[in-house]
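A.B. asks: Contents of my_file-v1.txt (compact mmCIF, C-alpha atoms and all ligand atoms):
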# COMPACT_ATOMS: atom_id res chain seq x y z
CA MET G 1000 -28.56 47.21 10.25
CA LYS G 1001 -29.17 44.61 7.57
CA ILE G 1002 -26.30 42.21 6.88
CA VAL G 1003 -26.38 39.72 4.01
CA ILE G 1004 -24.04 36.75 3.87
CA ILE G 1005 -23.62 35.13 0.45
CA GLY G 1006 -22.74 31.45 0.86
CA GLY G 1007 -24.05 29.18 3.60
CA GLY G 1008 -20.92 27.07 4.11
CA ALA G 1009 -18.75 26.75 7.20
CA ALA G 1010 -17.56 30.37 7.18
CA GLY G 1011 -20.97 31.89 6.34
CA LEU G 1012 -22.92 29.90 8.95
CA PHE G 1013 -20.36 30.54 11.70
CA ALA G 1014 -20.23 34.25 10.89
CA ALA G 1015 -24.05 34.49 10.88
CA LEU G 1016 -24.57 32.95 14.29
CA ASN G 1017 -21.83 35.09 15.81
CA ILE G 1018 -23.13 38.32 14.27
CA LYS G 1019 -26.85 38.00 14.87
CA ASN G 1020 -28.16 40.09 17.74
CA LYS G 1021 -31.47 41.78 18.53
CA ASP G 1022 -30.48 44.99 16.74
CA ASN G 1023 -29.60 43.56 13.34
CA GLU G 1024 -31.11 41.51 10.56
CA VAL G 1025 -28.85 38.73 9.23
CA ILE G 1026 -29.71 36.87 6.04
CA ILE G 1027 -27.80 33.98 4.44
CA LEU G 1028 -28.25 33.53 0.68
CA GLU G 1029 -27.33 30.01 -0.42
CA LYS G 1030 -27.57 28.70 -3.96
CA ASN G 1031 -28.00 25.05 -2.99
CA ASP G 1032 -31.27 23.64 -1.70
CA GLU G 1033 -29.58 23.26 1.71
CA VAL G 1034 -26.71 24.96 3.55
CA GLY G 1035 -23.42 23.36 4.61
CA LYS G 1036 -23.24 20.71 1.88
CA LYS G 1037 -19.45 20.76 1.82
CA ILE G 1038 -19.22 20.29 5.58
CA LEU G 1039 -20.95 16.92 5.07
CA VAL G 1040 -18.14 15.54 2.88
CA THR G 1041 -15.28 16.70 5.09
CA GLY G 1042 -12.96 14.30 6.90
CA ASN G 1043 -14.51 11.32 5.09
CA GLY G 1044 -17.89 12.21 6.59
CA ARG G 1045 -16.40 12.76 10.07
CA CYS G 1046 -15.40 16.44 9.71
CA ASN G 1047 -11.98 17.20 11.08
CA LEU G 1048 -12.91 20.71 12.20
CA TRP G 1049 -9.85 21.91 14.16
CA ASN G 1050 -6.30 21.03 15.11
CA GLU G 1051 -4.51 21.38 18.42
CA ASP G 1052 -1.42 22.66 16.58
CA MET G 1053 -2.98 25.67 14.87
CA ASN G 1054 -0.42 28.13 13.49
CA THR G 1055 0.45 29.95 10.26
CA SER G 1056 3.10 27.42 9.22
CA LYS G 1057 0.20 25.15 8.20
CA TYR G 1058 -1.08 27.69 5.68
CA TYR G 1059 -0.10 28.92 2.23
CA SER G 1060 -0.83 32.02 0.18
CA SER G 1061 0.80 33.71 -2.77
CA ASN G 1062 1.33 36.51 -0.22
CA LYS G 1063 3.03 34.43 2.48
CA GLU G 1064 4.31 37.48 4.32
CA LEU G 1065 0.72 38.56 5.04
CA LEU G 1066 -0.37 35.26 6.57
CA ASP G 1067 0.68 36.20 10.10
CA SER G 1068 -1.58 39.22 10.08
CA PHE G 1069 -4.62 37.23 8.86
CA ILE G 1070 -4.08 34.34 11.28
CA ASP G 1071 -2.75 36.18 14.27
CA LYS G 1072 -2.08 34.72 17.70
CA GLU G 1073 -5.21 36.19 19.29
CA ILE G 1074 -7.69 34.86 16.77
CA ILE G 1075 -6.71 31.21 17.30
CA PRO G 1076 -7.71 30.88 21.01
CA LYS G 1077 -10.66 33.23 20.53
CA THR G 1078 -12.06 31.09 17.71
CA PHE G 1079 -11.51 27.90 19.63
CA GLU G 1080 -13.33 29.31 22.65
CA ARG G 1081 -16.37 29.98 20.43
CA LEU G 1082 -16.27 26.55 18.80
CA ASP G 1083 -16.05 25.04 22.25
CA ASN G 1084 -19.33 26.78 23.16
CA TYR G 1085 -21.17 24.94 20.41
CA PHE G 1086 -19.43 21.59 19.99
CA GLU G 1087 -18.38 18.60 22.02
CA PHE G 1088 -15.16 17.17 20.58
CA LYS G 1089 -13.50 13.83 20.05
CA ILE G 1090 -9.74 14.38 19.74
CA LYS G 1091 -7.37 11.98 18.01
CA ASN G 1092 -3.64 12.82 17.76
CA GLY G 1093 -4.50 16.50 18.03
CA TYR G 1094 -7.18 16.31 15.29
CA TYR G 1095 -10.61 17.53 16.45
CA TYR G 1096 -13.83 15.83 15.34
CA PRO G 1097 -17.39 16.24 16.58
CA TYR G 1098 -18.15 13.87 19.45
CA SER G 1099 -20.56 11.92 17.24
CA ASN G 1100 -17.76 11.41 14.67
CA LYS G 1101 -20.29 12.60 12.11
CA ALA G 1102 -20.00 15.69 9.91
CA THR G 1103 -23.79 16.05 9.96
CA THR G 1104 -23.50 17.04 13.64
CA VAL G 1105 -21.35 20.04 12.73
CA ARG G 1106 -23.74 21.17 10.02
CA ASP G 1107 -26.82 20.54 12.17
CA VAL G 1108 -25.45 22.43 15.19
CA LEU G 1109 -24.58 25.45 13.01
CA VAL G 1110 -28.04 25.46 11.38
CA TYR G 1111 -29.77 24.98 14.74
CA GLU G 1112 -27.86 27.91 16.27
CA CYS G 1113 -28.56 30.13 13.25
CA ASN G 1114 -32.29 29.34 13.52
CA ARG G 1115 -32.32 29.79 17.30
CA LYS G 1116 -30.73 33.23 16.99
CA GLY G 1117 -33.07 34.33 14.22
CA VAL G 1118 -30.75 34.25 11.20
CA GLN G 1119 -32.85 34.05 8.03
CA ILE G 1120 -31.61 31.35 5.65
CA ILE G 1121 -32.75 31.60 2.04
CA THR G 1122 -31.80 28.58 -0.09
CA ASN G 1123 -31.97 28.05 -3.87
CA TYR G 1124 -30.74 31.63 -4.22
CA ASP G 1125 -27.85 31.97 -6.67
CA VAL G 1126 -26.23 35.39 -6.49
CA ILE G 1127 -25.23 36.47 -9.97
CA SER G 1128 -24.87 40.21 -9.51
CA ILE G 1129 -23.80 42.66 -6.81
CA LYS G 1130 -24.09 46.41 -7.21
CA LYS G 1131 -22.87 48.98 -4.72
CA GLU G 1132 -24.81 52.21 -4.57
CA ASP G 1133 -25.69 53.73 -1.24
CA LYS G 1134 -26.42 50.16 -0.19
CA PHE G 1135 -25.55 46.83 -1.80
CA ILE G 1136 -28.10 45.55 -4.32
CA ILE G 1137 -28.03 41.79 -4.90
CA ASN G 1138 -29.55 40.33 -8.08
CA ASN G 1139 -31.53 43.61 -8.38
CA ASP G 1140 -33.64 42.10 -5.63
CA ILE G 1141 -32.26 42.29 -2.09
CA SER G 1142 -30.50 45.29 -0.55
CA CYS G 1143 -28.33 45.48 2.55
CA ASP G 1144 -25.98 47.76 4.49
CA LYS G 1145 -23.13 45.30 4.87
CA LEU G 1146 -22.26 42.31 2.77
CA ILE G 1147 -20.16 39.25 3.62
CA ILE G 1148 -18.91 36.98 0.84
CA SER G 1149 -18.29 33.40 1.95
CA THR G 1150 -18.78 31.56 -1.33
CA GLY G 1151 -15.73 29.26 -0.99
CA GLY G 1152 -13.28 28.33 -3.74
CA LYS G 1153 -13.77 26.13 -6.81
CA SER G 1154 -13.23 22.67 -5.43
CA PHE G 1155 -15.89 19.96 -5.22
CA GLU G 1156 -18.40 21.90 -7.31
CA VAL G 1157 -21.10 19.39 -6.45
CA THR G 1158 -21.18 21.01 -2.99
CA GLY G 1159 -21.87 24.45 -4.50
CA SER G 1160 -18.52 26.24 -4.72
CA ASP G 1161 -17.92 26.96 -8.40
CA GLY G 1162 -15.67 30.04 -8.23
CA LYS G 1163 -18.09 32.21 -10.21
CA MET G 1164 -18.18 34.76 -7.40
CA LEU G 1165 -14.51 35.47 -8.13
CA ASP G 1166 -15.55 37.05 -11.46
CA ILE G 1167 -18.04 39.31 -9.67
CA LEU G 1168 -15.37 40.25 -7.10
CA LYS G 1169 -12.93 40.99 -9.91
CA ASP G 1170 -15.48 43.32 -11.49
CA LEU G 1171 -15.76 45.05 -8.12
CA GLY G 1172 -12.03 45.84 -8.34
CA HIS G 1173 -10.34 42.95 -6.53
CA ASP G 1174 -7.18 41.28 -7.69
CA ILE G 1175 -7.81 37.55 -8.11
CA ILE G 1176 -4.93 35.08 -7.75
CA LYS G 1177 -5.53 32.31 -10.28
CA PRO G 1178 -7.42 29.47 -8.54
CA LEU G 1179 -5.79 26.04 -8.81
CA PRO G 1180 -6.63 22.71 -7.17
CA SER G 1181 -4.79 21.80 -3.98
CA LEU G 1182 -4.84 18.75 -1.68
CA VAL G 1183 -5.23 16.55 -4.77
CA PRO G 1184 -4.05 13.13 -6.00
CA LEU G 1185 -1.10 13.11 -8.40
CA TYR G 1186 -1.06 11.42 -11.81
CA ALA G 1187 1.75 9.50 -13.48
CA ASP G 1188 2.15 7.53 -16.66
CA GLU G 1189 4.08 4.35 -15.76
CA THR G 1190 3.53 0.77 -16.85
CA TYR G 1191 3.73 -0.60 -13.29
CA LEU G 1192 0.82 1.48 -11.93
CA ASN G 1193 -1.84 -1.20 -12.44
CA LYS G 1194 0.46 -3.69 -10.68
CA TRP G 1195 0.56 -1.71 -7.43
CA ASN G 1196 -3.03 -0.45 -7.62
CA GLY G 1197 -4.82 -0.57 -4.25
CA ILE G 1198 -1.77 -0.86 -2.00
CA ARG G 1199 -1.46 1.37 1.07
CA CYS G 1200 1.85 1.69 2.89
CA ASP G 1201 3.72 4.04 5.19
CA ALA G 1202 6.25 6.15 3.35
CA THR G 1203 7.84 9.56 3.02
CA VAL G 1204 7.08 11.41 -0.20
CA THR G 1205 9.15 14.34 -1.46
CA SER G 1206 8.17 16.72 -4.25
CA ILE G 1207 10.97 17.57 -6.68
CA ILE G 1208 10.43 20.54 -8.96
CA ASP G 1209 13.00 21.25 -11.68
CA GLY G 1210 15.45 19.02 -9.81
CA VAL G 1211 15.05 20.74 -6.44
CA ASN G 1212 13.56 18.98 -3.38
CA VAL G 1213 10.65 21.12 -2.27
CA ARG G 1214 8.62 19.43 0.45
CA SER G 1215 8.58 16.10 2.28
CA GLU G 1216 5.67 14.48 4.11
CA GLN G 1217 5.43 11.19 5.92
CA GLY G 1218 2.23 9.18 6.21
CA GLU G 1219 0.00 6.59 4.62
CA LEU G 1220 0.65 6.48 0.89
CA GLN G 1221 -2.00 5.13 -1.49
CA LEU G 1222 -0.62 3.56 -4.66
CA THR G 1223 -3.21 3.65 -7.42
CA ASP G 1224 -3.59 2.84 -11.12
CA TYR G 1225 -3.36 6.57 -11.94
CA GLY G 1226 -0.45 7.45 -9.62
CA VAL G 1227 -0.28 8.30 -5.91
CA SER G 1228 -2.72 9.60 -3.35
CA GLY G 1229 -3.26 9.85 0.42
CA ILE G 1230 -2.88 12.66 2.92
CA CYS G 1231 0.92 12.85 2.58
CA VAL G 1232 0.51 13.27 -1.19
CA PHE G 1233 -2.25 15.88 -0.74
CA ASN G 1234 0.06 17.86 1.52
CA ILE G 1235 2.78 18.11 -1.14
CA SER G 1236 0.35 18.68 -4.02
CA ARG G 1237 0.02 22.45 -3.75
CA GLU G 1238 3.40 23.42 -5.20
CA ILE G 1239 3.15 20.54 -7.67
CA ALA G 1240 -0.15 21.82 -9.12
CA GLU G 1241 1.39 25.27 -9.36
CA ALA G 1242 4.56 23.96 -11.03
CA LEU G 1243 2.68 21.79 -13.55
CA ASN G 1244 0.51 24.79 -14.39
CA GLU G 1245 3.72 26.69 -15.18
CA GLY G 1246 4.97 23.82 -17.38
CA ARG G 1247 7.79 22.87 -15.00
CA ASN G 1248 9.29 19.43 -14.45
CA VAL G 1249 7.86 17.54 -11.49
CA SER G 1250 8.59 14.20 -9.88
CA VAL G 1251 7.88 12.59 -6.54
CA GLU G 1252 10.42 10.56 -4.64
CA ILE G 1253 9.15 7.83 -2.35
CA ASN G 1254 11.11 6.52 0.61
CA PHE G 1255 9.40 3.19 1.32
CA ILE G 1256 11.61 2.43 4.33
CA ASN G 1257 12.11 5.28 6.73
CA LYS G 1258 15.39 4.07 8.17
CA GLU G 1259 18.82 5.65 8.13
CA ASP G 1260 21.47 3.81 6.10
CA ILE G 1261 19.34 0.88 5.00
CA ILE G 1262 22.25 -1.06 3.52
CA SER G 1263 24.20 -1.14 6.81
CA TYR G 1264 21.01 -2.11 8.60
CA PHE G 1265 20.35 -5.04 6.23
CA LYS G 1266 24.00 -6.07 6.46
CA GLU G 1267 23.84 -6.13 10.21
CA HIS G 1268 20.50 -7.94 10.48
CA TYR G 1269 19.93 -9.97 7.33
CA GLU G 1270 23.28 -10.64 5.72
CA ASN G 1271 22.56 -14.35 5.36
CA GLN G 1272 19.05 -13.92 3.94
CA THR G 1273 17.92 -13.60 0.36
CA VAL G 1274 16.59 -10.37 -1.13
CA HIS G 1275 13.16 -12.04 -1.30
CA GLU G 1276 13.27 -12.92 2.41
CA ILE G 1277 14.23 -9.38 3.36
CA LEU G 1278 11.66 -7.56 1.21
CA LEU G 1279 8.92 -9.94 2.32
CA LYS G 1280 9.25 -8.46 5.82
CA TYR G 1281 8.38 -5.01 4.53
CA PHE G 1282 6.14 -5.18 1.50
CA ASP G 1283 2.93 -6.46 0.04
CA LYS G 1284 3.81 -9.01 -2.68
CA LYS G 1285 2.48 -6.82 -5.51
CA LEU G 1286 4.65 -3.90 -4.45
CA MET G 1287 7.61 -6.21 -3.93
CA LYS G 1288 7.27 -7.35 -7.55
CA VAL G 1289 7.28 -3.76 -8.83
CA LEU G 1290 10.36 -2.95 -6.74
CA LEU G 1291 12.24 -6.07 -7.82
CA ASP G 1292 11.48 -5.41 -11.50
CA LYS G 1293 12.89 -1.93 -11.11
CA MET G 1294 15.97 -3.07 -9.15
CA GLU G 1295 16.79 -5.82 -11.66
CA ILE G 1296 18.09 -8.02 -8.86
CA ASN G 1297 17.57 -11.76 -8.61
CA GLU G 1298 15.32 -12.11 -5.57
CA ARG G 1299 16.88 -15.49 -4.72
CA ALA G 1300 20.33 -13.88 -4.36
CA TYR G 1301 21.74 -13.68 -0.83
CA PHE G 1302 22.19 -10.16 0.47
CA LYS G 1303 25.87 -10.84 1.18
CA SER G 1304 26.43 -11.79 -2.47
CA LEU G 1305 25.07 -8.54 -3.96
CA THR G 1306 27.51 -6.44 -5.97
CA SER G 1307 28.01 -2.77 -5.08
CA LYS G 1308 25.93 -1.78 -8.14
CA GLU G 1309 23.10 -4.05 -7.00
CA LEU G 1310 23.32 -2.64 -3.48
CA SER G 1311 23.03 0.89 -4.74
CA ARG G 1312 20.01 -0.06 -6.93
CA LEU G 1313 18.42 -1.77 -3.92
CA GLU G 1314 18.93 1.35 -1.82
CA LYS G 1315 17.73 3.66 -4.59
CA TYR G 1316 14.42 1.92 -5.24
CA LEU G 1317 13.64 1.40 -1.58
CA THR G 1318 14.44 4.92 -0.43
CA GLN G 1319 14.42 7.14 -3.52
CA PHE G 1320 11.81 5.61 -5.82
CA ASN G 1321 11.22 8.36 -8.36
CA ILE G 1322 7.97 8.85 -10.28
CA ASN G 1323 7.56 11.43 -12.99
CA ILE G 1324 4.35 13.39 -12.30
CA THR G 1325 2.31 14.21 -15.38
CA GLY G 1326 -0.77 15.79 -13.83
CA HIS G 1327 -3.02 16.20 -10.83
CA GLY G 1328 -6.69 15.79 -9.97
CA ASP G 1329 -8.99 18.55 -11.20
CA PHE G 1330 -11.11 20.79 -8.97
CA ASN G 1331 -13.64 18.01 -8.49
CA LYS G 1332 -10.92 15.89 -6.87
CA ALA G 1333 -9.40 18.76 -4.87
CA GLN G 1334 -10.23 19.24 -1.20
CA VAL G 1335 -9.32 22.88 -1.40
CA THR G 1336 -8.58 25.74 -3.81
CA GLN G 1337 -5.33 27.67 -3.78
CA GLY G 1338 -5.64 31.25 -4.99
CA GLY G 1339 -8.70 33.51 -4.74
CA VAL G 1340 -9.05 37.11 -3.63
CA SER G 1341 -5.60 38.61 -3.06
CA LEU G 1342 -4.79 39.28 0.59
CA GLU G 1343 -3.45 42.67 -0.51
CA ASP G 1344 -7.05 43.75 -1.11
CA VAL G 1345 -8.33 42.83 2.36
CA ASN G 1346 -7.80 44.47 5.74
CA PRO G 1347 -6.43 41.71 8.03
CA ASP G 1348 -7.85 43.33 11.18
CA THR G 1349 -11.45 43.29 9.97
CA PHE G 1350 -11.54 41.17 6.78
CA GLU G 1351 -13.16 44.15 5.08
CA SER G 1352 -12.31 44.69 1.44
CA LYS G 1353 -9.93 47.56 0.77
CA LYS G 1354 -11.67 48.07 -2.57
CA VAL G 1355 -15.33 48.18 -1.54
CA LYS G 1356 -16.43 49.67 1.78
CA ASP G 1357 -18.70 47.48 3.93
CA LEU G 1358 -17.88 44.36 1.90
CA TYR G 1359 -16.21 41.52 3.84
CA LEU G 1360 -14.52 38.37 2.55
CA ILE G 1361 -14.06 35.20 4.60
CA GLY G 1362 -13.16 31.53 4.20
CA GLU G 1363 -11.84 29.78 1.12
CA VAL G 1364 -12.76 32.62 -1.28
CA LEU G 1365 -9.55 34.28 -0.02
CA ASP G 1366 -6.06 33.39 -1.20
CA ILE G 1367 -5.32 31.26 1.89
CA ASP G 1368 -5.30 27.47 1.99
CA GLY G 1369 -4.11 25.02 4.58
CA ILE G 1370 -2.75 21.49 4.68
CA CYS G 1371 -4.90 18.52 5.75
CA GLY G 1372 -5.75 18.29 9.44
CA GLY G 1373 -8.62 20.67 10.19
CA TYR G 1374 -6.76 23.77 8.98
CA ASN G 1375 -9.12 24.75 6.16
CA LEU G 1376 -12.23 24.63 8.30
CA GLY G 1377 -10.04 26.22 10.96
CA PHE G 1378 -9.53 29.23 8.71
CA ALA G 1379 -13.24 29.37 7.86
CA TRP G 1380 -14.05 29.62 11.61
CA MET G 1381 -11.20 32.08 12.32
CA SER G 1382 -12.09 34.47 9.52
CA ALA G 1383 -15.77 34.29 10.50
CA THR G 1384 -14.85 35.08 14.11
CA LYS G 1385 -12.78 38.09 13.14
CA VAL G 1386 -15.42 39.54 10.85
CA SER G 1387 -18.15 39.02 13.43
CA ASP G 1388 -16.11 40.94 16.03
CA ASN G 1389 -15.67 43.87 13.72
CA ILE G 1390 -18.74 44.23 11.56
CA CYS G 1391 -21.24 45.68 14.06
C1 LIG X 1401 -13.77 16.09 0.21
C2 LIG X 1401 -13.35 17.22 1.13
C3 LIG X 1401 -12.92 16.93 2.40
C4 LIG X 1401 -12.50 17.97 3.24
N1 LIG X 1401 -12.14 17.66 4.52
C5 LIG X 1401 -11.77 18.66 5.36
C6 LIG X 1401 -11.49 18.39 6.73
O1 LIG X 1401 -11.66 17.27 7.23
N2 LIG X 1401 -11.04 19.44 7.49
C7 LIG X 1401 -10.90 20.70 7.00
O2 LIG X 1401 -10.49 21.59 7.74
N3 LIG X 1401 -11.22 21.00 5.73
C8 LIG X 1401 -11.66 20.02 4.91
N4 LIG X 1401 -12.03 20.33 3.62
C9 LIG X 1401 -11.96 21.75 3.16
C10 LIG X 1401 -13.14 22.56 3.75
O3 LIG X 1401 -14.33 21.83 3.56
C11 LIG X 1401 -13.27 23.93 3.10
O4 LIG X 1401 -12.06 24.61 3.13
C12 LIG X 1401 -14.33 24.77 3.82
O5 LIG X 1401 -15.57 24.11 3.81
C13 LIG X 1401 -14.47 26.13 3.18
O6 LIG X 1401 -15.54 26.80 3.80
P1 LIG X 1401 -16.22 28.07 3.12
O7 LIG X 1401 -17.37 28.40 3.98
O8 LIG X 1401 -15.20 29.10 2.84
O9 LIG X 1401 -16.73 27.56 1.70
P2 LIG X 1401 -17.77 26.40 1.31
O10 LIG X 1401 -17.87 25.43 2.40
O11 LIG X 1401 -17.38 25.94 -0.03
O12 LIG X 1401 -19.16 27.17 1.24
C14 LIG X 1401 -19.46 28.07 0.22
C15 LIG X 1401 -20.97 28.14 0.07
O13 LIG X 1401 -21.31 29.20 -0.80
C16 LIG X 1401 -22.33 28.79 -1.69
N5 LIG X 1401 -22.23 29.64 -2.89
C17 LIG X 1401 -21.22 29.69 -3.78
N6 LIG X 1401 -21.49 30.60 -4.73
C18 LIG X 1401 -22.69 31.14 -4.44
C19 LIG X 1401 -23.50 32.14 -5.06
N7 LIG X 1401 -23.10 32.77 -6.17
N8 LIG X 1401 -24.70 32.43 -4.50
C20 LIG X 1401 -25.12 31.80 -3.38
N9 LIG X 1401 -24.39 30.85 -2.75
C21 LIG X 1401 -23.19 30.53 -3.27
C22 LIG X 1401 -22.00 27.33 -1.95
O14 LIG X 1401 -23.11 26.62 -2.43
C23 LIG X 1401 -21.53 26.86 -0.57
O15 LIG X 1401 -22.60 26.40 0.20
C24 LIG X 1401 -12.48 19.31 2.77
C25 LIG X 1401 -12.96 19.60 1.49
C26 LIG X 1401 -13.40 18.57 0.67
C27 LIG X 1401 -13.93 18.91 -0.70
What would you get if you wrote out this structure as structure tokens?
C.D. replies:
Amino acid sequence: MKIVIIGGGAAGLFAALNIKNKDNEVIILEKNDEVGKKILVTGNGRCNLWNEDMNTSKYYSSNKELLDSFIDKEIIPKTFERLDNYFEFKIKNGYYYPYSNKATTVRDVLVYECNRKGVQIITNYDVISIKKEDKFIINNDISCDKLIISTGGKSFEVTGSDGKMLDILKDLGHDIIKPLPSLVPLYADETYLNKWNGIRCDATVTSIIDGVNVRSEQGELQLTDYGVSGICVFNISREIAEALNEGRNVSVEINFINKEDIISYFKEHYENQTVHEILLKYFDKKLMKVLLDKMEINERAYFKSLTSKELSRLEKYLTQFNINITGHGDFNKAQVTQGGVSLEDVNPDTFESKKVKDLYLIGEVLDIDGICGGYNLGFAWMSATKVSDNIC
């Protein structure tokens, strides 16, 4: 049997090395001059390839009710067992990295194993057409019995994923959920942005869409001259990108001090100190200036002398600092793509298309995306594992 895999990213490489045996021919077609380019940029060059806490609550899809069948309980340990055969890990707070702490290791191990098993890798091969007759015919050039699509989403085009395959898949009868950026920075239009540019702090961020609190995340927040960024922002960006695309009203609320009843706490501990003395304990001076300007409180005033209106402004800007969100990073700033081939069109037990027999879809090309923490590569490995168990 001849199996062609279009796309030599994480999902395609992992599927290839798990499928190849002495009775089949496995070919990867990759449009770049090398495979696994995106793997190299993951995890800031360290590649966070798995997470100890792997479960469906870390994933999104426009078909949420189908997620459990695509990421079932058996596939998680099975996939990890296979990864464990190939990689040595370094684990930090449940986040898995290669032992070398270098993404190149992950790419190199996958390529080495593909070569060792006899997978044929053809680079500089851009697939622009797929026909299904008795067999699949690719670019009127290569034919095969079974075809796996692992061309990724639309994010970080420089690594090869441009979303053009989605048009081909649409022509083959699949429903495509509109691709949008996810895990992206958020843009605002406020005069104070250049004053807080470059500051990193711990905070809780909450997305508010049309006045309703949607999602909260705690972590390191990056304050920039265009708005806000950092992993906690990425993790709330999915619904925000969707809402902005629908023309809805979006803001982000920042809690700079994760403490219950901050006013009572200050009263108990710092009643005889000035506002300046208190804020100095918590904030970088640049951020302190932005907060004080917003609060309109004299920083030399003693805490005990603040009026009730001043106290409520102090509390508001420290724990519910609201920024109106005007936009988000484009696909080139997005770590992942939300949307893709509808899960309705794919059999969750095999990852075979319900529209085209012997065609399989894995990885980010599907309408499944995860939060930061190794979940997106996690899904690439899991879907590759499932298809490899079922294709031969
Ligand atoms: C900056 C950044 C950091 C990230 N960090 C992490 C992280 O630490 N942990 C994590 O879990 N996830 C991370 N991700 C997300 C993760 O990299 C992706 O979800 C994952 O790589 C998707 O794998 P894939 O194989 O489905 O697609 P891809 O890795 O995108 O691979 C698709 C391949 O298909 C090729 N291709 C596309 N179209 C064609 C065509 N027509 N013909 C031939 N070849 C084609 C592309 O060139 C590419 O090589 C990060 C992403 C980015 C951009």
A.B. asks: One number please: atom CA of Leu1179 of chain G to atom CA of Glu1238 of chain G, in Å, one decimal.
C.D. replies: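 Computed distance, atom CA of Leu1179 of chain G to atom CA of Glu1238 of chain G, equals 10.2 Å.
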A.B. asks: What do you get as JSON, numbers by chain if you pick all residues at most 7 Å from ligand LIG 1401 (chain X), counting only C-alpha atoms and all ligand atoms?
C.D. replies: {"G": [1005, 1006, 1007, 1008, 1009, 1010, 1011, 1028, 1029, 1030, 1031, 1034, 1035, 1036, 1037, 1038, 1040, 1041, 1042, 1043, 1046, 1047, 1048, 1049, 1124, 1125, 1126, 1127, 1149, 1150, 1151, 1152, 1154, 1155, 1158, 1159, 1160, 1161, 1162, 1163, 1164, 1333, 1334, 1335, 1361, 1362, 1363, 1364, 1371, 1372, 1373, 1374, 1375, 1376, 1377, 1379]}
A.B. asks: Provide the atom CA of Val1204 of chain G to atom CA of Gly1226 of chain G distance in Å, to one decimal place.
C.D. replies: 12.7 Å
A.B. asks: Starting from the point (-29.8, 33.2, 18.8), work out which residues of protein, DNA or RNA have an atom no more than 9 Å away when counting only C-alpha atoms; state them as a ChimeraX atom specification.
C.D. replies: /G:1016-1017,1019-1021,1112-1118
A.B. asks: With all atoms listed in the file as the atoms that count, which of G:Glu1132, G:Glu1051, G:Glu1295, G:Glu1080 lies nearest to Gly1093 of chain G?
C.D. replies: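 Among the listed residues, G:Glu1051 lies closest to Gly1093 of chain G.
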A.B. asks: Taking all atoms of segment 1095-1109 of chain G that appear in the file, build a box with edges along x, y and z, extend it by 3 Å on every side, and state its centre and edge lengths in Å to one decimal, as JSON.
C.D. replies:
{"center_x": -18.7, "center_y": 18.4, "center_z": 14.7, "size_x": 22.2, "size_y": 20.0, "size_z": 15.5}
A.B. asks: If we count only C-alpha atoms, what is near Phe1069 of chain G at a cut-off of 12 Å, once residues fewer than 5 positions away on the same chain are taken out, given as number ranges by chain?
C.D. replies: G: 1054-1055, 1058-1060, 1062-1064, 1074-1075, 1342-1343, 1345-1351, 1360-1362, 1365-1368, 1378-1379, 1381-1386
A.B. asks: Could you please give me, as a list of chain:residue names, the residues of protein, DNA or RNA lying at most 12 Å from (22.7, -4.7, -6.9) in the coordinate frame of the file, considering only C-alpha atoms?
C.D. replies: G:Ile1262, G:Val1274, G:Leu1291, G:Lys1293, G:Met1294, G:Glu1295, G:Ile1296, G:Asn1297, G:Glu1298, G:Ala1300, G:Tyr1301, G:Phe1302, G:Lys1303, G:Ser1304, G:Leu1305, G:Thr1306, G:Ser1307, G:Lys1308, G:Glu1309, G:Leu1310, G:Ser1311, G:Arg1312, G:Leu1313, G:Glu1314, G:Lys1315, G:Tyr1316
A.B. asks: Of the candidates G:Asp1067, G:Ser1387, G:Ala1187, G:Ser1236, which one gets nearest to Leu1012 of chain G if we count only C-alpha atoms?
C.D. replies: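 Ranked by minimum distance to Leu1012 of chain G, first place goes to G:Ser1387.
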A.B. asks: Could you list, as an MDAnalysis selection string, every residue within 12 Å of Ala1242 of chain G, counting all atoms listed in the file and ignoring same-chain residues fewer than 3 positions away?
C.D. replies: chainID G and resid 1179:1181 1206:1209 1211 1213 1235:1239 1245:1250 1324:1327
A.B. asks: Can you tell me how far atom CA of Asp1170 of chain G sits from atom CA of Ile1004 of chain G, in Å to one decimal?
C.D. replies: 18.8 Å
A.B. asks: Using only C-alpha atoms, which of the listed residues (G:Asn1254, G:Asn1050, G:Leu1243, G:Gly1172) sits closest to Lys1091 of chain G?
C.D. replies: G:Asn1050
A.B. asks: Excluding Asp1344 of chain G and residues on its chain fewer than 5 positions from it, collect all residues at most 7 Å away from it, counting all atoms listed in the file, and give them as a ChimeraX atom specification.
C.D. replies: /G:1173,1352-1354
A.B. asks: Go through G:Leu1278, G:Ile1002, G:Leu1066, G:Ala1102 and flag the residue nearest Phe1088 of chain G, using only C-alpha atoms for the distances.
C.D. replies: G:Ala1102
